[in-house]
file final_30.cif (mmCIF, C-alpha atoms and all ligand atoms)
data_start
loop_
_atom_site.label_atom_id
_atom_site.label_comp_id
_atom_site.auth_asym_id
_atom_site.auth_seq_id
_atom_site.Cartn_x
_atom_site.Cartn_y
_atom_site.Cartn_z
CA MET A 1 37.11 34.31 -11.71
CA VAL A 2 37.13 35.07 -8.01
CA ASP A 3 34.74 37.95 -7.24
CA PRO A 4 35.03 39.43 -3.74
CA GLY A 5 31.71 41.22 -3.19
CA HIS A 6 31.27 44.96 -2.63
CA GLY A 7 34.29 47.28 -2.13
CA GLY A 8 34.96 51.02 -1.92
CA ASP A 9 31.89 53.00 -0.84
CA ASP A 10 29.84 49.80 -0.85
CA GLY A 11 30.78 48.14 2.44
CA GLY A 12 28.12 45.43 2.26
CA ALA A 13 26.79 44.00 5.51
CA LYS A 14 28.42 44.77 8.84
CA GLY A 15 29.01 42.56 11.87
CA THR A 16 28.03 43.57 15.41
CA LYS A 17 31.71 44.03 16.23
CA GLY A 18 32.31 46.14 13.15
CA LEU A 19 33.71 43.70 10.59
CA LYS A 20 32.76 44.85 7.09
CA GLU A 21 31.61 42.38 4.49
CA LYS A 22 33.75 44.03 1.78
CA ALA A 23 36.93 43.44 3.83
CA ALA A 24 36.10 39.87 4.84
CA ALA A 25 35.07 38.99 1.26
CA LEU A 26 38.40 40.28 -0.06
CA GLU A 27 40.38 38.26 2.49
CA ILE A 28 38.37 35.12 1.65
CA GLY A 29 38.91 35.85 -2.04
CA ARG A 30 42.67 35.97 -1.53
CA ALA A 31 42.56 32.68 0.38
CA VAL A 32 40.40 31.02 -2.29
CA ALA A 33 42.73 32.22 -5.06
CA ALA A 34 45.77 30.87 -3.19
CA LYS A 35 44.17 27.45 -2.73
CA LEU A 36 42.96 27.33 -6.34
CA GLN A 37 46.43 28.19 -7.55
CA ALA A 38 47.94 25.46 -5.36
CA ALA A 39 45.44 23.02 -6.91
CA GLY A 40 46.63 23.91 -10.41
CA PHE A 41 43.97 26.46 -11.41
CA GLU A 42 44.68 29.97 -12.66
CA PRO A 43 42.68 32.34 -10.46
CA LEU A 44 41.65 35.77 -11.72
CA PHE A 45 40.12 38.57 -9.63
CA THR A 46 37.38 41.09 -10.29
CA ARG A 47 38.98 43.21 -7.57
CA GLU A 48 42.16 42.84 -5.53
CA ASP A 49 41.84 45.94 -3.39
CA ASP A 50 39.20 48.12 -1.74
CA THR A 51 37.66 49.34 -5.01
CA PHE A 52 34.02 49.12 -5.98
CA ILE A 53 33.47 47.42 -9.33
CA PRO A 54 29.92 47.86 -10.72
CA LEU A 55 28.09 44.54 -10.61
CA TRP A 56 27.47 44.55 -14.37
CA ASP A 57 31.21 44.88 -15.04
CA ARG A 58 32.21 41.85 -12.99
CA ALA A 59 30.70 39.20 -15.25
CA LYS A 60 31.82 41.24 -18.24
CA ALA A 61 35.44 41.03 -17.04
CA ALA A 62 35.08 37.28 -16.55
CA ASN A 63 33.69 36.91 -20.09
CA ALA A 64 36.43 39.09 -21.57
CA GLN A 65 39.16 37.05 -19.87
CA GLY A 66 37.61 33.72 -20.83
CA ALA A 67 37.13 32.55 -17.25
CA ASP A 68 35.85 28.97 -16.88
CA LEU A 69 33.94 29.65 -13.65
CA PHE A 70 32.63 32.69 -11.82
CA ILE A 71 32.59 32.57 -8.01
CA SER A 72 31.21 35.58 -6.18
CA LEU A 73 32.04 35.74 -2.46
CA HIS A 74 29.76 37.38 0.12
CA LEU A 75 28.75 37.26 3.76
CA ASN A 76 25.19 36.72 4.82
CA ALA A 77 23.23 38.84 7.29
CA ALA A 78 20.05 37.89 9.13
CA ARG A 79 17.93 39.47 11.84
CA ALA A 80 18.18 36.21 13.81
CA LYS A 81 21.65 36.36 15.37
CA ALA A 82 21.78 32.55 15.62
CA ALA A 83 21.61 32.05 11.84
CA ARG A 84 24.85 30.39 10.76
CA GLY A 85 26.55 28.45 8.00
CA SER A 86 27.04 28.86 4.28
CA GLU A 87 24.56 29.25 1.44
CA VAL A 88 25.51 28.77 -2.19
CA TYR A 89 23.27 30.34 -4.84
CA PHE A 90 22.93 30.14 -8.56
CA LEU A 91 20.91 32.47 -10.72
CA SER A 92 17.15 32.45 -10.79
CA LEU A 93 15.71 34.19 -13.83
CA GLY A 94 12.38 34.75 -12.12
CA GLN A 95 11.44 34.68 -8.48
CA GLY A 96 13.99 32.93 -6.30
CA ASP A 97 14.16 31.05 -3.01
CA ASP A 98 15.52 34.04 -1.14
CA ASP A 99 14.82 37.28 -2.91
CA GLU A 100 15.63 39.30 0.21
CA VAL A 101 19.25 38.15 0.13
CA ALA A 102 19.40 38.95 -3.59
CA ALA A 103 17.83 42.39 -3.08
CA THR A 104 20.45 43.21 -0.43
CA GLU A 105 23.31 42.08 -2.65
CA ASN A 106 21.86 43.84 -5.70
CA ALA A 107 21.49 47.17 -3.89
CA GLY A 108 24.82 48.46 -5.19
CA ALA A 109 24.21 47.40 -8.78
CA GLY A 110 23.05 50.73 -10.17
CA ALA A 111 21.35 50.97 -13.53
CA ALA A 112 22.22 48.63 -16.33
CA PRO A 113 24.80 50.08 -18.73
CA GLY A 114 23.47 51.92 -21.78
CA ALA A 115 20.18 53.48 -20.67
CA GLU A 116 18.41 53.15 -24.03
CA ASP A 117 19.59 49.61 -24.60
CA SER A 118 18.99 48.54 -21.03
CA VAL A 119 16.04 46.28 -21.83
CA VAL A 120 17.91 44.57 -24.63
CA ALA A 121 21.10 44.45 -22.55
CA SER A 122 19.22 42.88 -19.68
CA ILE A 123 17.68 40.21 -21.92
CA LEU A 124 21.11 39.42 -23.41
CA ASP A 125 22.63 39.24 -19.93
CA ASP A 126 19.94 36.83 -18.81
CA LEU A 127 20.57 34.62 -21.81
CA ALA A 128 24.30 34.56 -21.12
CA GLN A 129 23.81 32.77 -17.80
CA LYS A 130 20.71 30.88 -18.89
CA ALA A 131 22.78 28.50 -21.02
CA PHE A 132 24.85 27.57 -17.98
CA LEU A 133 22.21 27.16 -15.29
CA GLN A 134 22.53 23.38 -15.07
CA ASP A 135 26.29 23.58 -14.71
CA SER A 136 25.93 26.44 -12.26
CA GLU A 137 23.62 24.30 -10.15
CA ARG A 138 26.11 21.41 -10.22
CA LEU A 139 28.90 23.78 -9.16
CA ALA A 140 26.71 25.20 -6.38
CA VAL A 141 25.84 21.71 -5.11
CA ALA A 142 29.52 20.66 -5.15
CA ILE A 143 30.63 23.74 -3.17
CA GLN A 144 27.63 23.67 -0.80
CA GLY A 145 28.39 20.07 0.12
CA GLN A 146 31.94 20.91 1.15
CA LEU A 147 30.92 24.02 3.09
CA ASN A 148 28.21 22.07 4.94
CA ARG A 149 30.82 19.53 6.00
CA LEU A 150 33.05 22.33 7.24
CA ALA A 151 30.25 23.92 9.27
CA GLY A 152 28.82 20.59 10.45
CA ILE A 153 25.49 21.52 8.92
CA LYS A 154 23.40 19.00 7.04
CA GLU A 155 20.23 20.78 6.17
CA ARG A 156 21.39 23.82 4.22
CA GLY A 157 20.86 23.34 0.51
CA VAL A 158 21.59 25.21 -2.64
CA LYS A 159 19.28 28.11 -3.43
CA GLN A 160 18.31 30.10 -6.47
CA ALA A 161 17.90 33.88 -6.47
CA PRO A 162 18.02 36.76 -8.97
CA PHE A 163 21.53 38.08 -8.32
CA VAL A 164 22.50 40.81 -10.78
CA VAL A 165 26.20 39.92 -10.56
CA LEU A 166 25.56 36.42 -11.98
CA ARG A 167 23.30 37.39 -14.87
CA GLY A 168 25.84 38.29 -17.49
CA ALA A 169 28.30 35.49 -16.80
CA ALA A 170 28.81 33.30 -19.87
CA MET A 171 30.13 30.42 -17.75
CA PRO A 172 28.96 28.43 -14.72
CA ALA A 173 28.51 31.02 -11.96
CA VAL A 174 27.66 30.87 -8.26
CA LEU A 175 27.39 33.28 -5.37
CA VAL A 176 28.65 31.98 -2.03
CA GLU A 177 27.34 33.50 1.20
CA VAL A 178 30.28 32.11 3.15
CA ALA A 179 28.99 32.70 6.68
CA PHE A 180 26.73 35.02 8.64
CA ILE A 181 28.55 38.22 9.50
CA SER A 182 25.47 39.01 11.63
CA ASN A 183 26.29 36.05 13.90
CA PRO A 184 28.91 37.25 16.46
CA LYS A 185 30.53 33.79 16.58
CA GLU A 186 30.88 33.60 12.81
CA GLU A 187 32.05 37.21 12.66
CA GLU A 188 34.85 36.25 15.03
CA LYS A 189 35.73 33.21 12.92
CA LEU A 190 35.87 35.34 9.76
CA LYS A 191 38.67 37.39 11.31
CA ASP A 192 40.74 34.21 11.70
CA ALA A 193 43.04 33.39 8.77
CA ALA A 194 42.94 29.69 9.65
CA PHE A 195 39.14 29.64 9.31
CA ARG A 196 39.32 31.51 6.00
CA ALA A 197 41.86 28.96 4.77
CA LYS A 198 39.44 26.14 5.66
CA VAL A 199 36.65 27.89 3.77
CA ALA A 200 39.00 28.30 0.80
CA ASP A 201 39.91 24.60 0.97
CA ALA A 202 36.22 23.67 0.96
CA ILE A 203 35.43 25.89 -2.03
CA THR A 204 38.47 24.59 -3.92
CA LEU A 205 37.49 20.99 -3.22
CA GLY A 206 34.01 21.80 -4.49
CA VAL A 207 35.50 23.20 -7.70
CA ARG A 208 37.65 20.10 -8.13
CA ARG A 209 34.63 17.83 -7.60
CA TYR A 210 32.71 19.84 -10.16
CA PHE A 211 35.40 19.40 -12.79
CA ALA A 212 35.84 15.72 -11.89
CA GLN A 213 32.11 15.16 -12.58
CA ALA A 214 32.49 16.98 -15.88
CA ASN A 215 35.21 14.43 -16.79
CA GLY A 216 37.82 17.11 -16.50
CA GLY A 217 36.48 18.95 -19.51
CA VAL A 218 35.47 22.57 -19.41
CA ARG A 219 32.02 22.89 -20.89
CA ARG A 220 32.15 26.31 -22.39
CA ARG A 221 29.42 26.52 -24.96
CA MET A 222 30.19 30.01 -26.08
CA VAL A 223 32.94 32.55 -25.87
CA GLY A 224 32.65 36.27 -25.49
CA GLY A 225 28.93 36.75 -25.47
CA PRO A 226 25.41 35.41 -25.53
CA SER A 227 24.69 32.48 -27.82
CA LEU A 228 21.96 34.02 -29.90
CA GLY A 229 22.96 31.99 -32.94
CA ARG A 230 23.05 28.71 -31.08
CA PRO A 231 20.40 26.22 -32.27
ZN ZN B 301 27.33 40.86 -0.18
#

call {"tool": "encode", "arguments": {"input": "final_30.cif", "output": "C-alpha cells", "more": "lines below"}}
Ligand SMILES: [Zn+2]
result
Amino acid sequence: MVDPGHGGDDGGAKGTKGLKEKAAALEIGRAVAAKLQAAGFEPLFTREDDTFIPLWDRAKAANAQGADLFISLHLNAARAKAARGSEVYFLSLGQGDDDEVAATENAGAGAAPGAEDSVVASILDDLAQKAFLQDSERLAVAIQGQLNRLAGIKERGVKQAPFVVLRGAAMPAVLVEVAFISNPKEEEKLKDAAFRAKVADAITLGVRRYFAQANGGVRRRMVGGPSLGRP
C-alpha cells in the first residue's frame, strides 16, 4: 500500500519556493507505484488525487485490501535549511527518536474514530502494528540503506516515532521522509521527475531486499484485524 501523505486541505510542509508536500508526496507515490509494478508487485494507493484521507482510514484501507506492506511517503522540514537526505521511520509505541517530526505529521489526524470507543480503538490499533514492529524495522533498514546510497549519506539511520498513520497497520509499515522540502536544493530536486524516479528505484530495491531476506515469503501473522486471540 503506497500512502502519499496529506492531501486536500492538508498541504503538509511547504518549500521556500512554494512546493507543497502533498503534491510532491503524490508524485513520488506515483513513481514508487510504477517501479513496484515493474518489479512484479501489485501497488495499491490510499489516495491517487488531491484528496485528504483521514490518517486512521489509511491503515484501515490497507488492512481491508490485505496489503503486504504499508509505505507512507512524506517530505521532511527543518529549521536548519542545510538539513538534507532521507529518514525512514517505523512506529514507536511510546516516546520516539523524533517526536517533533511525528507531531507535525500527526497534526491532521483528528480524533480517533468512535468517540466512546476511542481508548479501546487506540489500544487495538497499537496492537495491530505491535505484532509487526520487527518486520517494520527490517523494512525501514532496507529502504534507508538504499536512500542513503542515493543521497551519498552514511550517517542517517532508521528512527522510531509515534506516527498515527502507522498504528493501525496489520502489516510491516514504514514512513519515509524522502527529502527535506525545507532545503531549497532538495526542493528543486523534488520537482524533477528523474530524481523522483531514482527515489522510487531506491525504495523498490529496499522492498525487494526486505522480501529477499524474508526468503520471499510474506509474513502476515493475521488478516483483517488485531491478533487478540494469538497466543
Ligand atoms: Zn508529511

call {"tool": "residues_around", "arguments": {"input": "final_30.cif", "residues": "Asp57 of chain A", "least_positions_apart": "4", "cutoff": "9 Å", "atoms": "all atoms listed in the file", "output": "ChimeraX atom specification"}}
result
/A:46,53,61-62,165,168

call {"tool": "residues_around", "arguments": {"input": "final_30.cif", "residues": "Ala107 of chain A", "least_positions_apart": "3", "cutoff": "10 Å", "atoms": "only C-alpha atoms", "output": "list in words"}}
result
Asp10, Gly12, Leu55, Ala102, Ala103, Thr104, Gly110 and Val164 of chain A

call {"tool": "write_last_selection", "arguments": {"input": "final_30.cif", "atoms": "C-alpha atoms", "output": "PDB file, in the frame of the given file"}}
result
ATOM      1  CA  ASP A  10      29.840  49.800  -0.850  1.00  0.00           C
ATOM      2  CA  GLY A  12      28.120  45.430   2.260  1.00  0.00           C
ATOM      3  CA  LEU A  55      28.090  44.540 -10.610  1.00  0.00           C
ATOM      4  CA  ALA A 102      19.400  38.950  -3.590  1.00  0.00           C
ATOM      5  CA  ALA A 103      17.830  42.390  -3.080  1.00  0.00           C
ATOM      6  CA  THR A 104      20.450  43.210  -0.430  1.00  0.00           C
ATOM      7  CA  GLY A 110      23.050  50.730 -10.170  1.00  0.00           C
ATOM      8  CA  VAL A 164      22.500  40.810 -10.780  1.00  0.00           C
TER       9      VAL A 164
END

call {"tool": "residues_near_ligand", "arguments": {"input": "final_30.cif", "ligand": "ligand ZN 301 (chain B)", "cutoff": "8 Å", "atoms": "only C-alpha atoms and all ligand atoms", "output": "PyMOL selection string"}}
result
chain A and resi 5-6+12-13+21-22+73-76+104-105+177

call {"tool": "write_last_selection", "arguments": {"input": "final_30.cif", "atoms": "C-alpha atoms", "output": "mmCIF file, in the frame of the given file"}}
result
data_model
loop_
_atom_site.group_PDB
_atom_site.id
_atom_site.type_symbol
_atom_site.label_atom_id
_atom_site.label_comp_id
_atom_site.auth_asym_id
_atom_site.auth_seq_id
_atom_site.Cartn_x
_atom_site.Cartn_y
_atom_site.Cartn_z
ATOM 1 C CA GLY A 5 31.710 41.220 -3.190
ATOM 2 C CA HIS A 6 31.270 44.960 -2.630
ATOM 3 C CA GLY A 12 28.120 45.430 2.260
ATOM 4 C CA ALA A 13 26.790 44.000 5.510
ATOM 5 C CA GLU A 21 31.610 42.380 4.490
ATOM 6 C CA LYS A 22 33.750 44.030 1.780
ATOM 7 C CA LEU A 73 32.040 35.740 -2.460
ATOM 8 C CA HIS A 74 29.760 37.380 0.120
ATOM 9 C CA LEU A 75 28.750 37.260 3.760
ATOM 10 C CA ASN A 76 25.190 36.720 4.820
ATOM 11 C CA THR A 104 20.450 43.210 -0.430
ATOM 12 C CA GLU A 105 23.310 42.080 -2.650
ATOM 13 C CA GLU A 177 27.340 33.500 1.200
#

call {"tool": "atom_distance", "arguments": {"input": "final_30.cif", "atom1": "atom CA of Val174 of chain A", "atom2": "atom CA of Ala80 of chain A"}}
result
24.6 Å

call {"tool": "residues_near_point", "arguments": {"input": "final_30.cif", "point": "(27.7, 23.3, 1.7)", "cutoff": "12 Å", "atoms": "only C-alpha atoms", "output": "JSON, numbers by chain"}}
result
{"A": [84, 85, 86, 87, 88, 89, 139, 140, 141, 142, 143, 144, 145, 146, 147, 148, 149, 150, 151, 152, 153, 154, 155, 156, 157, 158, 159, 176, 177, 178, 179, 199, 202, 203, 205, 206]}

call {"tool": "closest_residue", "arguments": {"input": "final_30.cif", "among": "A:Met1, A:Leu69, A:Ala34, A:Leu175", "to": "Leu91 of chain A", "atoms": "only C-alpha atoms"}}
result
A:Leu175

call {"tool": "closest_residue", "arguments": {"input": "final_30.cif", "among": "A:Ala64, A:Leu190, A:Ala169, A:Ala161", "to": "Ala25 of chain A", "atoms": "all atoms listed in the file"}}
result
A:Leu190

call {"tool": "atom_distance", "arguments": {"input": "final_30.cif", "atom1": "atom CA of Thr204 of chain A", "atom2": "atom CA of Phe90 of chain A"}}
result
17.1 Å

call {"tool": "atom_distance", "arguments": {"input": "final_30.cif", "atom1": "atom CA of Lys20 of chain A", "atom2": "atom CA of Ile181 of chain A"}}
result
8.2 Å

call {"tool": "closest_residue", "arguments": {"input": "final_30.cif", "among": "A:Ala67, A:Ala78, A:Ala39, A:Ala83", "to": "Lys185 of chain A", "atoms": "only C-alpha atoms"}}
result
A:Ala83

call {"tool": "closest_residue", "arguments": {"input": "final_30.cif", "among": "A:Leu133, A:Ala212, A:Val207, A:Ala170", "to": "Leu36 of chain A", "atoms": "all atoms listed in the file"}}
result
A:Val207

call {"tool": "closest_residue", "arguments": {"input": "final_30.cif", "among": "A:Lys189, A:Lys130, A:Lys198, A:Asp50", "to": "Gly94 of chain A", "atoms": "all atoms listed in the file"}}
result
A:Lys130

call {"tool": "closest_residue", "arguments": {"input": "final_30.cif", "among": "A:Arg138, A:Arg30, A:Arg79, A:Arg209", "to": "Ser182 of chain A", "atoms": "all atoms listed in the file"}}
result
A:Arg79

call {"tool": "residues_near_point", "arguments": {"input": "final_30.cif", "point": "(29.1, 24.2, -15.7)", "cutoff": "9 Å", "atoms": "only C-alpha atoms", "output": "mmCIF file with C-alpha atoms, in the coordinates of the input"}}
result
data_model
loop_
_atom_site.group_PDB
_atom_site.id
_atom_site.type_symbol
_atom_site.label_atom_id
_atom_site.label_comp_id
_atom_site.auth_asym_id
_atom_site.auth_seq_id
_atom_site.Cartn_x
_atom_site.Cartn_y
_atom_site.Cartn_z
ATOM 1 C CA ASP A 68 35.850 28.970 -16.880
ATOM 2 C CA LEU A 69 33.940 29.650 -13.650
ATOM 3 C CA PHE A 132 24.850 27.570 -17.980
ATOM 4 C CA LEU A 133 22.210 27.160 -15.290
ATOM 5 C CA GLN A 134 22.530 23.380 -15.070
ATOM 6 C CA ASP A 135 26.290 23.580 -14.710
ATOM 7 C CA SER A 136 25.930 26.440 -12.260
ATOM 8 C CA GLU A 137 23.620 24.300 -10.150
ATOM 9 C CA ARG A 138 26.110 21.410 -10.220
ATOM 10 C CA LEU A 139 28.900 23.780 -9.160
ATOM 11 C CA MET A 171 30.130 30.420 -17.750
ATOM 12 C CA PRO A 172 28.960 28.430 -14.720
ATOM 13 C CA ALA A 173 28.510 31.020 -11.960
ATOM 14 C CA TYR A 210 32.710 19.840 -10.160
ATOM 15 C CA PHE A 211 35.400 19.400 -12.790
ATOM 16 C CA ALA A 214 32.490 16.980 -15.880
ATOM 17 C CA VAL A 218 35.470 22.570 -19.410
ATOM 18 C CA ARG A 219 32.020 22.890 -20.890
ATOM 19 C CA ARG A 220 32.150 26.310 -22.390
#
